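What follows is the content of final15.pdb (PDB, C-alpha atoms, pLDDT in the B column).
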ATOM      1  CA  MET A   1      20.221  21.608  22.058  1.00 69.00           C
ATOM      2  CA  SER A   2      18.466  20.304  18.960  1.00 75.00           C
ATOM      3  CA  ARG A   3      14.766  21.034  18.606  1.00 79.00           C
ATOM      4  CA  ARG A   4      12.499  18.258  17.308  1.00 78.00           C
ATOM      5  CA  VAL A   5      11.016  19.076  13.916  1.00 78.00           C
ATOM      6  CA  GLU A   6       7.402  18.012  13.464  1.00 78.00           C
ATOM      7  CA  LEU A   7       6.640  16.883   9.914  1.00 79.00           C
ATOM      8  CA  TYR A   8       2.969  15.994   9.878  1.00 81.00           C
ATOM      9  CA  SER A   9       1.006  18.436  12.021  1.00 78.00           C
ATOM     10  CA  VAL A  10      -1.247  21.072  10.492  1.00 80.00           C
ATOM     11  CA  GLU A  11       0.931  23.795  11.999  1.00 79.00           C
ATOM     12  CA  ALA A  12       4.065  22.358  10.382  1.00 83.00           C
ATOM     13  CA  ASN A  13       2.493  22.093   6.946  1.00 84.00           C
ATOM     14  CA  ASP A  14       0.085  25.028   6.881  1.00 86.00           C
ATOM     15  CA  PRO A  15       1.127  27.581   9.516  1.00 84.00           C
ATOM     16  CA  HIS A  16      -0.862  30.429   7.948  1.00 86.00           C
ATOM     17  CA  GLY A  17      -4.078  28.531   7.195  1.00 85.00           C
ATOM     18  CA  GLU A  18      -3.675  28.695   3.418  1.00 89.00           C
ATOM     19  CA  LEU A  19      -4.726  25.075   2.860  1.00 88.00           C
ATOM     20  CA  VAL A  20      -6.859  24.161   5.859  1.00 85.00           C
ATOM     21  CA  ASP A  21      -9.843  26.161   7.070  1.00 87.00           C
ATOM     22  CA  ARG A  22      -9.480  26.174  10.843  1.00 87.00           C
ATOM     23  CA  THR A  23     -12.661  28.077  11.600  1.00 89.00           C
ATOM     24  CA  GLY A  24     -14.027  26.775  14.875  1.00 91.00           C
ATOM     25  CA  VAL A  25     -10.942  24.660  15.634  1.00 89.00           C
ATOM     26  CA  GLY A  26      -9.353  25.611  18.928  1.00 89.00           C
ATOM     27  CA  PRO A  27      -5.703  25.143  19.887  1.00 88.00           C
ATOM     28  CA  GLU A  28      -6.392  21.954  21.883  1.00 91.00           C
ATOM     29  CA  GLN A  29      -8.257  20.352  18.996  1.00 91.00           C
ATOM     30  CA  LEU A  30      -5.526  21.473  16.595  1.00 88.00           C
ATOM     31  CA  GLU A  31      -2.957  19.786  18.827  1.00 87.00           C
ATOM     32  CA  ARG A  32      -5.023  16.565  18.958  1.00 90.00           C
ATOM     33  CA  ILE A  33      -5.311  16.605  15.177  1.00 89.00           C
ATOM     34  CA  GLY A  34      -1.549  17.157  14.978  1.00 87.00           C
ATOM     35  CA  ARG A  35      -0.929  14.098  17.144  1.00 88.00           C
ATOM     36  CA  LEU A  36      -3.228  12.062  14.898  1.00 91.00           C
ATOM     37  CA  MET A  37      -1.462  13.294  11.741  1.00 89.00           C
ATOM     38  CA  THR A  38       1.899  12.477  13.337  1.00 88.00           C
ATOM     39  CA  ALA A  39       0.742   8.937  14.159  1.00 91.00           C
ATOM     40  CA  MET A  40      -0.488   8.479  10.570  1.00 91.00           C
ATOM     41  CA  GLY A  41       2.804   9.805   9.225  1.00 90.00           C
ATOM     42  CA  ARG A  42       4.787   7.481  11.455  1.00 90.00           C
ATOM     43  CA  LEU A  43       2.668   4.529  10.273  1.00 90.00           C
ATOM     44  CA  ARG A  44       3.350   5.464   6.623  1.00 90.00           C
ATOM     45  CA  THR A  45       7.075   5.705   7.387  1.00 90.00           C
ATOM     46  CA  VAL A  46       7.151   2.311   9.100  1.00 89.00           C
ATOM     47  CA  GLU A  47       5.092   0.715   6.319  1.00 86.00           C
ATOM     48  CA  ARG A  48       7.538   2.107   3.761  1.00 88.00           C
ATOM     49  CA  LYS A  49      10.484   0.686   5.748  1.00 89.00           C
ATOM     50  CA  VAL A  50       8.797  -2.726   5.892  1.00 85.00           C
ATOM     51  CA  PHE A  51       8.117  -2.608   2.142  1.00 82.00           C
ATOM     52  CA  GLU A  52      11.717  -1.594   1.372  1.00 86.00           C
ATOM     53  CA  ALA A  53      13.109  -4.294   3.674  1.00 83.00           C
ATOM     54  CA  GLY A  54      10.968  -6.834   1.834  1.00 79.00           C
ATOM     55  CA  GLN A  55      12.227  -5.552  -1.519  1.00 79.00           C
ATOM     56  CA  GLN A  56      15.832  -5.894  -0.379  1.00 81.00           C
ATOM     57  CA  TYR A  57      15.244  -9.330   1.123  1.00 79.00           C
ATOM     58  CA  MET A  58      13.571 -10.590  -2.044  1.00 81.00           C
ATOM     59  CA  ARG A  59      15.799  -8.513  -4.393  1.00 83.00           C
ATOM     60  CA  LEU A  60      12.824  -7.052  -6.254  1.00 85.00           C
ATOM     61  CA  LYS A  61      11.935  -3.698  -7.775  1.00 88.00           C
ATOM     62  CA  GLU A  62       8.980  -1.783  -6.318  1.00 89.00           C
ATOM     63  CA  THR A  63       6.571  -2.730  -9.109  1.00 93.00           C
ATOM     64  CA  ASP A  64       7.699  -6.368  -8.888  1.00 93.00           C
ATOM     65  CA  MET A  65       6.970  -6.372  -5.163  1.00 90.00           C
ATOM     66  CA  LEU A  66       3.536  -4.806  -5.699  1.00 92.00           C
ATOM     67  CA  ALA A  67       2.795  -7.448  -8.335  1.00 95.00           C
ATOM     68  CA  ILE A  68       3.796 -10.255  -5.964  1.00 94.00           C
ATOM     69  CA  GLN A  69       1.602  -8.744  -3.230  1.00 91.00           C
ATOM     70  CA  PHE A  70      -1.389  -8.619  -5.602  1.00 96.00           C
ATOM     71  CA  LEU A  71      -0.814 -12.172  -6.842  1.00 96.00           C
ATOM     72  CA  ILE A  72      -0.567 -13.510  -3.281  1.00 94.00           C
ATOM     73  CA  ALA A  73      -3.858 -11.788  -2.412  1.00 93.00           C
ATOM     74  CA  CYS A  74      -5.450 -13.376  -5.496  1.00 95.00           C
ATOM     75  CA  PHE A  75      -4.085 -16.785  -4.462  1.00 95.00           C
ATOM     76  CA  HIS A  76      -5.468 -16.462  -0.925  1.00 93.00           C
ATOM     77  CA  GLN A  77      -8.882 -15.493  -2.300  1.00 95.00           C
ATOM     78  CA  ASN A  78      -8.951 -18.249  -4.943  1.00 93.00           C
ATOM     79  CA  VAL A  79      -8.974 -15.717  -7.777  1.00 93.00           C
ATOM     80  CA  ASP A  80      -7.278 -16.675 -11.025  1.00 91.00           C
ATOM     81  CA  ALA A  81      -5.066 -13.674 -11.701  1.00 94.00           C
ATOM     82  CA  THR A  82      -4.549 -12.684 -15.312  1.00 95.00           C
ATOM     83  CA  PRO A  83      -1.957 -10.383 -16.847  1.00 96.00           C
ATOM     84  CA  GLY A  84      -4.789  -7.933 -17.596  1.00 96.00           C
ATOM     85  CA  MET A  85      -5.877  -7.862 -13.964  1.00 96.00           C
ATOM     86  CA  LEU A  86      -2.280  -7.277 -12.906  1.00 97.00           C
ATOM     87  CA  ALA A  87      -1.861  -4.466 -15.454  1.00 97.00           C
ATOM     88  CA  ALA A  88      -5.048  -2.803 -14.217  1.00 97.00           C
ATOM     89  CA  HIS A  89      -3.997  -3.144 -10.576  1.00 97.00           C
ATOM     90  CA  LEU A  90      -0.520  -1.723 -11.190  1.00 97.00           C
ATOM     91  CA  ARG A  91      -1.789   0.797 -13.747  1.00 96.00           C
ATOM     92  CA  ILE A  92       0.836  -0.207 -16.291  1.00 96.00           C
ATOM     93  CA  THR A  93       0.603  -1.020 -19.993  1.00 96.00           C
ATOM     94  CA  PRO A  94       0.218  -4.552 -21.352  1.00 95.00           C
ATOM     95  CA  ALA A  95       3.771  -4.313 -22.754  1.00 96.00           C
ATOM     96  CA  SER A  96       5.146  -3.342 -19.319  1.00 96.00           C
ATOM     97  CA  THR A  97       3.152  -6.176 -17.770  1.00 97.00           C
ATOM     98  CA  THR A  98       4.696  -8.671 -20.184  1.00 96.00           C
ATOM     99  CA  LYS A  99       8.204  -7.429 -19.327  1.00 96.00           C
ATOM    100  CA  LEU A 100       7.390  -7.595 -15.610  1.00 96.00           C
ATOM    101  CA  LEU A 101       6.036 -11.146 -15.888  1.00 97.00           C
ATOM    102  CA  ASP A 102       8.996 -12.251 -18.022  1.00 97.00           C
ATOM    103  CA  ARG A 103      11.357 -10.906 -15.350  1.00 95.00           C
ATOM    104  CA  LEU A 104       9.409 -12.501 -12.468  1.00 96.00           C
ATOM    105  CA  GLU A 105       9.031 -15.812 -14.284  1.00 96.00           C
ATOM    106  CA  ASN A 106      12.716 -15.952 -15.276  1.00 95.00           C
ATOM    107  CA  SER A 107      13.697 -15.360 -11.651  1.00 93.00           C
ATOM    108  CA  GLY A 108      11.368 -18.109 -10.397  1.00 95.00           C
ATOM    109  CA  HIS A 109       8.830 -15.883  -8.653  1.00 95.00           C
ATOM    110  CA  VAL A 110       5.756 -16.586 -10.807  1.00 96.00           C
ATOM    111  CA  VAL A 111       4.380 -19.188 -13.179  1.00 96.00           C
ATOM    112  CA  ARG A 112       2.145 -18.465 -16.162  1.00 95.00           C
ATOM    113  CA  SER A 113      -0.255 -21.176 -17.249  1.00 93.00           C
ATOM    114  CA  ARG A 114      -3.481 -21.676 -19.152  1.00 88.00           C
ATOM    115  CA  SER A 115      -6.724 -21.392 -17.203  1.00 75.00           C
ATOM    116  CA  ASN A 116      -8.564 -24.615 -16.469  1.00 76.00           C
ATOM    117  CA  LEU A 117     -11.859 -22.866 -17.268  1.00 73.00           C
ATOM    118  CA  ASP A 118     -10.850 -21.191 -20.531  1.00 75.00           C
ATOM    119  CA  ARG A 119      -7.695 -22.491 -22.231  1.00 74.00           C
ATOM    120  CA  ARG A 120      -7.332 -19.157 -24.092  1.00 83.00           C
ATOM    121  CA  THR A 121      -6.814 -17.301 -20.808  1.00 88.00           C
ATOM    122  CA  VAL A 122      -3.379 -17.054 -19.218  1.00 93.00           C
ATOM    123  CA  THR A 123      -3.265 -17.078 -15.423  1.00 94.00           C
ATOM    124  CA  VAL A 124      -0.383 -16.020 -13.219  1.00 96.00           C
ATOM    125  CA  THR A 125       0.461 -17.546  -9.845  1.00 95.00           C
ATOM    126  CA  VAL A 126       3.214 -16.937  -7.339  1.00 96.00           C
ATOM    127  CA  THR A 127       5.540 -19.859  -6.707  1.00 96.00           C
ATOM    128  CA  PRO A 128       5.357 -21.452  -3.252  1.00 95.00           C
ATOM    129  CA  HIS A 129       8.958 -20.375  -2.557  1.00 93.00           C
ATOM    130  CA  THR A 130       8.156 -16.712  -3.300  1.00 93.00           C
ATOM    131  CA  ARG A 131       4.926 -16.845  -1.295  1.00 92.00           C
ATOM    132  CA  LEU A 132       6.895 -18.145   1.707  1.00 90.00           C
ATOM    133  CA  ALA A 133       9.660 -15.562   1.214  1.00 88.00           C
ATOM    134  CA  ALA A 134       7.090 -12.736   1.029  1.00 86.00           C
ATOM    135  CA  MET A 135       5.368 -14.025   4.143  1.00 85.00           C
ATOM    136  CA  ASN A 136       8.692 -14.025   6.011  1.00 82.00           C
ATOM    137  CA  ALA A 137       9.869 -10.694   4.590  1.00 78.00           C
ATOM    138  CA  VAL A 138       6.705  -8.613   4.794  1.00 79.00           C
ATOM    139  CA  GLY A 139       3.691 -10.622   5.898  1.00 78.00           C
ATOM    140  CA  ARG A 140       4.728 -11.054   9.519  1.00 79.00           C
ATOM    141  CA  HIS A 141       5.241  -7.284   9.813  1.00 81.00           C
ATOM    142  CA  HIS A 142       1.790  -6.569   8.405  1.00 79.00           C
ATOM    143  CA  ALA A 143       0.278  -9.205  10.681  1.00 82.00           C
ATOM    144  CA  ALA A 144       1.523  -7.149  13.633  1.00 85.00           C
ATOM    145  CA  ARG A 145      -1.274  -4.662  12.863  1.00 87.00           C
ATOM    146  CA  PHE A 146      -3.830  -7.267  13.872  1.00 88.00           C
ATOM    147  CA  ALA A 147      -3.021  -7.007  17.583  1.00 88.00           C
ATOM    148  CA  ALA A 148      -3.571  -3.243  17.589  1.00 90.00           C
ATOM    149  CA  ALA A 149      -6.893  -3.645  15.752  1.00 92.00           C
ATOM    150  CA  ALA A 150      -8.010  -6.516  17.978  1.00 92.00           C
ATOM    151  CA  ALA A 151      -7.447  -4.337  21.059  1.00 94.00           C
ATOM    152  CA  LEU A 152     -10.065  -1.827  19.849  1.00 94.00           C
ATOM    153  CA  THR A 153     -13.715  -1.930  20.845  1.00 96.00           C
ATOM    154  CA  GLU A 154     -16.372  -2.220  18.167  1.00 96.00           C
ATOM    155  CA  SER A 155     -17.191   1.491  18.425  1.00 97.00           C
ATOM    156  CA  GLU A 156     -13.490   2.414  18.206  1.00 96.00           C
ATOM    157  CA  ILE A 157     -13.122   0.264  15.085  1.00 95.00           C
ATOM    158  CA  LYS A 158     -16.111   2.028  13.522  1.00 97.00           C
ATOM    159  CA  ILE A 159     -14.592   5.441  14.303  1.00 96.00           C
ATOM    160  CA  VAL A 160     -11.120   4.540  13.018  1.00 95.00           C
ATOM    161  CA  THR A 161     -12.562   2.897   9.901  1.00 94.00           C
ATOM    162  CA  ARG A 162     -14.785   5.892   9.175  1.00 96.00           C
ATOM    163  CA  PHE A 163     -11.830   8.253   9.651  1.00 95.00           C
ATOM    164  CA  LEU A 164      -9.463   6.255   7.430  1.00 94.00           C
ATOM    165  CA  ALA A 165     -12.080   5.796   4.693  1.00 95.00           C
ATOM    166  CA  ALA A 166     -12.994   9.502   4.741  1.00 95.00           C
ATOM    167  CA  THR A 167      -9.310  10.468   4.674  1.00 93.00           C
ATOM    168  CA  ALA A 168      -8.654   8.185   1.696  1.00 92.00           C
ATOM    169  CA  ASP A 169     -11.753   9.499  -0.113  1.00 94.00           C
ATOM    170  CA  ASP A 170     -10.797  13.135   0.504  1.00 92.00           C
ATOM    171  CA  MET A 171      -7.198  12.601  -0.572  1.00 89.00           C
ATOM    172  CA  GLU A 172      -8.295  10.687  -3.663  1.00 90.00           C
ATOM    173  CA  ALA A 173     -10.637  13.532  -4.560  1.00 91.00           C
ATOM    174  CA  THR A 174      -7.661  15.918  -4.585  1.00 87.00           C
ATOM    175  CA  LEU A 175      -6.014  13.666  -7.175  1.00 87.00           C
ATOM    176  CA  LEU A 176      -9.123  13.756  -9.338  1.00 82.00           C
ATOM    177  CA  ASP A 177      -9.143  17.548  -9.105  1.00 75.00           C
ATOM    178  CA  GLU A 178      -5.612  17.649 -10.541  1.00 66.00           C
ATOM    179  CA  GLY A 179      -6.317  15.165 -13.329  1.00 56.00           C
ATOM    180  CA  SER A 180      -5.451  11.536 -13.420  1.00 53.00           C
ATOM    181  CA  PRO A 181      -2.639  10.285 -11.192  1.00 48.00           C
ATOM    182  CA  PRO A 182       0.643   9.334 -12.863  1.00 52.00           C
ATOM    183  CA  SER A 183       1.120   5.738 -13.972  1.00 51.00           C
ATOM    184  CA  ARG A 184       3.905   3.520 -12.676  1.00 50.00           C
ATOM    185  CA  ASP A 185       5.330   3.012 -16.193  1.00 51.00           C
ATOM    186  CA  GLY A 186       7.422   6.186 -15.995  1.00 43.00           C
TER     187      GLY A 186
END
Please lay out the structure from this file as structure tokens.
Amino acid sequence: MSRRVELYSVEANDPHGELVDRTGVGPEQLERIGRLMTAMGRLRTVERKVFEAGQQYMRLKETDMLAIQFLIACFHQNVDATPGMLAAHLRITPASTTKLLDRLENSGHVVRSRSNLDRRTVTVTVTPHTRLAAMNAVGRHHAARFAAAAALTESEIKIVTRFLAATADDMEATLLDEGSPPSRDG
């Protein structure tokens, strides 16, 4: 009989307490935390599968897909996206951004044009076809999260939001401790 291997619990990742100070944390609380970490891990795994399915459906590289996602968000918020904004978001060089935009424009995913406000500024928009394809490939999966969030009470939303924000802050702080995170250019 095969035993299920747990990937995300504290016990699975730090059985001897070398990374996590468990002072004052009893076995029941440790188990609850393990269930929470497992749920977060499963969410990350499913999100990755959705992202990869979208990449395959749209036949895009990871950075291309992240660029499309950013440009769609800019479109929905009426923000004129520039190559510089895209480079900053993706943390890639201007040269890499130009190559990325050339590739996306040549494949019909984006259009570069001059800004109506400042003719010196280039703006980048996603084509309607790509926006629709992204919505069908990935957007409907991400929209499924809404039902789970809508089922929460206001106090539950505050708790979950506080937890997720604190987790992100704490994890980001570990990156800062190690130096700057790697860029996507590599």
Ground truth for the PyMOL selection byres ((chain A and resi 65-80) around 7), written as a PDB file with C-alpha atoms, in the frame of the given file:
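Everything below was put into selection-v6.pdb:
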ATOM      1  CA  GLN A  55      12.227  -5.552  -1.519  1.00 79.00           C
ATOM      2  CA  LEU A  60      12.824  -7.052  -6.254  1.00 85.00           C
ATOM      3  CA  LYS A  61      11.935  -3.698  -7.775  1.00 88.00           C
ATOM      4  CA  GLU A  62       8.980  -1.783  -6.318  1.00 89.00           C
ATOM      5  CA  THR A  63       6.571  -2.730  -9.109  1.00 93.00           C
ATOM      6  CA  ASP A  64       7.699  -6.368  -8.888  1.00 93.00           C
ATOM      7  CA  ALA A  81      -5.066 -13.674 -11.701  1.00 94.00           C
ATOM      8  CA  THR A  82      -4.549 -12.684 -15.312  1.00 95.00           C
ATOM      9  CA  LEU A  86      -2.280  -7.277 -12.906  1.00 97.00           C
ATOM     10  CA  THR A 123      -3.265 -17.078 -15.423  1.00 94.00           C
ATOM     11  CA  THR A 125       0.461 -17.546  -9.845  1.00 95.00           C
ATOM     12  CA  VAL A 126       3.214 -16.937  -7.339  1.00 96.00           C
ATOM     13  CA  ARG A 131       4.926 -16.845  -1.295  1.00 92.00           C
TER      14      ARG A 131
END
task: Identify all residues satisfying the PyMOL selection byres ((chain A and resi 114) around 12) in the given file; provide them as a ChimeraX atom specification.
output: /A:80-83,111-113,115-125
query: Given the choices A:Glu172, A:Glu11, A:Glu52, A:Glu47, which gets closest to Ile33 of chain A if the distance is worked out from all atoms listed in the file?
result: A:Glu11
- request: Please write the residues picked by the PyMOL selection byres ((chain A and resi 132-144) around 7) on this file as a PyMOL selection string.
  value: chain A and resi 50-51+54+57+128-131+145-147
message: Nearest residue to Val110 of chain A out of A:Ala12, A:Ser2, A:Leu90, A:Thr127, using only C-alpha atoms?
response: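 Among A:Ala12, A:Ser2, A:Leu90, A:Thr127, it is A:Thr127 that comes nearest to Val110 of chain A.
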query: Could you state the separation of atom CA of Asp169 of chain A and atom CA of Glu18 of chain A in Å, given to one decimal place?
result: 21.1 Å
task: Between atom CA of Asp14 of chain A and atom CA of Met37 of chain A, measure the distance and give it in Å to one decimal.
output: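 Straight-line distance from atom CA of Asp14 of chain A to atom CA of Met37 of chain A works out to 12.8 Å.
Of the listed residues A:Lys49, A:Arg35, A:Arg22, A:His109, the one whose atoms come nearest to Glu6 of chain A is A:Arg35, with distances taken using only C-alpha atoms.
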- request: Tell me, in Å to one decimal, how far atom CA of His89 of chain A is from atom CA of Ala168 of chain A.
  value: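 Separating atom CA of His89 of chain A from atom CA of Ala168 of chain A is a distance of 17.3 Å.
With distances restricted to all atoms listed in the file, A:Val10 is the closest residue to Pro27 of chain A from A:Val5, A:Leu100, A:Ala87, A:Val10.
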statement: Shortest contact to Glu31 of chain A, candidates A:Thr98, A:Thr153, A:Thr161, A:Ser9, atoms counted only C-alpha atoms, goes to A:Ser9
message: Between A:Met171, A:Ala150, A:Thr38, A:Leu101, which residue has the minimum interatomic distance to Asn13 of chain A, considering all atoms listed in the file?
response: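 Distance minimum relative to Asn13 of chain A lands on A:Thr38.
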For segment 89-100 of chain A, supply all heavy atoms and format the output as a compact mmCIF listing (two decimals), in the coordinates of the input.
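selection24.txt, written as the output of this step:
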# COMPACT_ATOMS: atom_id res chain seq x y z
N HIS A 89 -4.34 -3.42 -11.98
CA HIS A 89 -4.00 -3.14 -10.58
C HIS A 89 -2.78 -2.23 -10.47
O HIS A 89 -2.78 -1.28 -9.67
CB HIS A 89 -3.74 -4.45 -9.82
CG HIS A 89 -3.23 -4.23 -8.44
ND1 HIS A 89 -4.03 -3.76 -7.42
CD2 HIS A 89 -1.99 -4.36 -7.91
CE1 HIS A 89 -3.31 -3.64 -6.32
NE2 HIS A 89 -2.07 -4.00 -6.59
N LEU A 90 -1.76 -2.50 -11.25
CA LEU A 90 -0.52 -1.72 -11.19
C LEU A 90 -0.58 -0.45 -12.03
O LEU A 90 0.31 0.39 -11.94
CB LEU A 90 0.67 -2.58 -11.66
CG LEU A 90 0.98 -3.80 -10.81
CD1 LEU A 90 2.05 -4.65 -11.49
CD2 LEU A 90 1.41 -3.40 -9.42
N ARG A 91 -1.62 -0.35 -12.84
CA ARG A 91 -1.79 0.80 -13.75
C ARG A 91 -0.58 0.93 -14.67
O ARG A 91 0.04 1.99 -14.77
CB ARG A 91 -2.07 2.07 -12.96
CG ARG A 91 -3.43 1.97 -12.27
CD ARG A 91 -3.89 3.14 -11.45
NE ARG A 91 -3.24 4.39 -11.64
CZ ARG A 91 -2.66 5.09 -10.66
NH1 ARG A 91 -2.65 4.63 -9.44
NH2 ARG A 91 -2.11 6.25 -10.90
N ILE A 92 -0.24 -0.20 -15.32
CA ILE A 92 0.84 -0.21 -16.29
C ILE A 92 0.30 -0.78 -17.60
O ILE A 92 -0.76 -1.39 -17.63
CB ILE A 92 2.07 -1.01 -15.80
CG1 ILE A 92 1.72 -2.47 -15.52
CG2 ILE A 92 2.66 -0.35 -14.56
CD1 ILE A 92 2.92 -3.35 -15.14
N THR A 93 1.04 -0.57 -18.66
CA THR A 93 0.60 -1.02 -19.99
C THR A 93 0.74 -2.54 -20.12
O THR A 93 1.51 -3.16 -19.39
CB THR A 93 1.45 -0.35 -21.09
OG1 THR A 93 2.81 -0.81 -20.95
CG2 THR A 93 1.37 1.17 -21.01
N PRO A 94 0.03 -3.11 -21.10
CA PRO A 94 0.22 -4.55 -21.35
C PRO A 94 1.68 -4.90 -21.68
O PRO A 94 2.18 -5.94 -21.23
CB PRO A 94 -0.71 -4.82 -22.54
CG PRO A 94 -1.79 -3.79 -22.40
CD PRO A 94 -1.08 -2.56 -21.89
N ALA A 95 2.37 -4.04 -22.43
CA ALA A 95 3.77 -4.31 -22.75
C ALA A 95 4.63 -4.33 -21.49
O ALA A 95 5.50 -5.21 -21.32
CB ALA A 95 4.29 -3.27 -23.74
N SER A 96 4.41 -3.37 -20.59
CA SER A 96 5.15 -3.34 -19.32
C SER A 96 4.82 -4.56 -18.46
O SER A 96 5.69 -5.09 -17.77
CB SER A 96 4.84 -2.06 -18.55
OG SER A 96 5.34 -0.95 -19.23
N THR A 97 3.57 -5.00 -18.53
CA THR A 97 3.15 -6.18 -17.77
C THR A 97 3.87 -7.42 -18.29
O THR A 97 4.34 -8.24 -17.50
CB THR A 97 1.62 -6.37 -17.85
OG1 THR A 97 0.99 -5.18 -17.40
CG2 THR A 97 1.17 -7.54 -17.01
N THR A 98 3.98 -7.53 -19.60
CA THR A 98 4.70 -8.67 -20.18
C THR A 98 6.15 -8.67 -19.75
O THR A 98 6.69 -9.71 -19.34
CB THR A 98 4.60 -8.63 -21.72
OG1 THR A 98 3.22 -8.72 -22.10
CG2 THR A 98 5.37 -9.78 -22.36
N LYS A 99 6.81 -7.52 -19.78
CA LYS A 99 8.20 -7.43 -19.33
C LYS A 99 8.32 -7.80 -17.85
O LYS A 99 9.23 -8.53 -17.45
CB LYS A 99 8.74 -6.01 -19.54
CG LYS A 99 9.02 -5.68 -20.98
CD LYS A 99 9.54 -4.25 -21.09
CE LYS A 99 9.62 -3.81 -22.54
NZ LYS A 99 10.05 -2.41 -22.65
N LEU A 100 7.40 -7.30 -17.05
CA LEU A 100 7.39 -7.60 -15.61
C LEU A 100 7.24 -9.09 -15.39
O LEU A 100 8.00 -9.69 -14.62
CB LEU A 100 6.24 -6.83 -14.94
CG LEU A 100 5.91 -7.23 -13.51
CD1 LEU A 100 6.63 -6.31 -12.53
CD2 LEU A 100 4.43 -7.14 -13.27
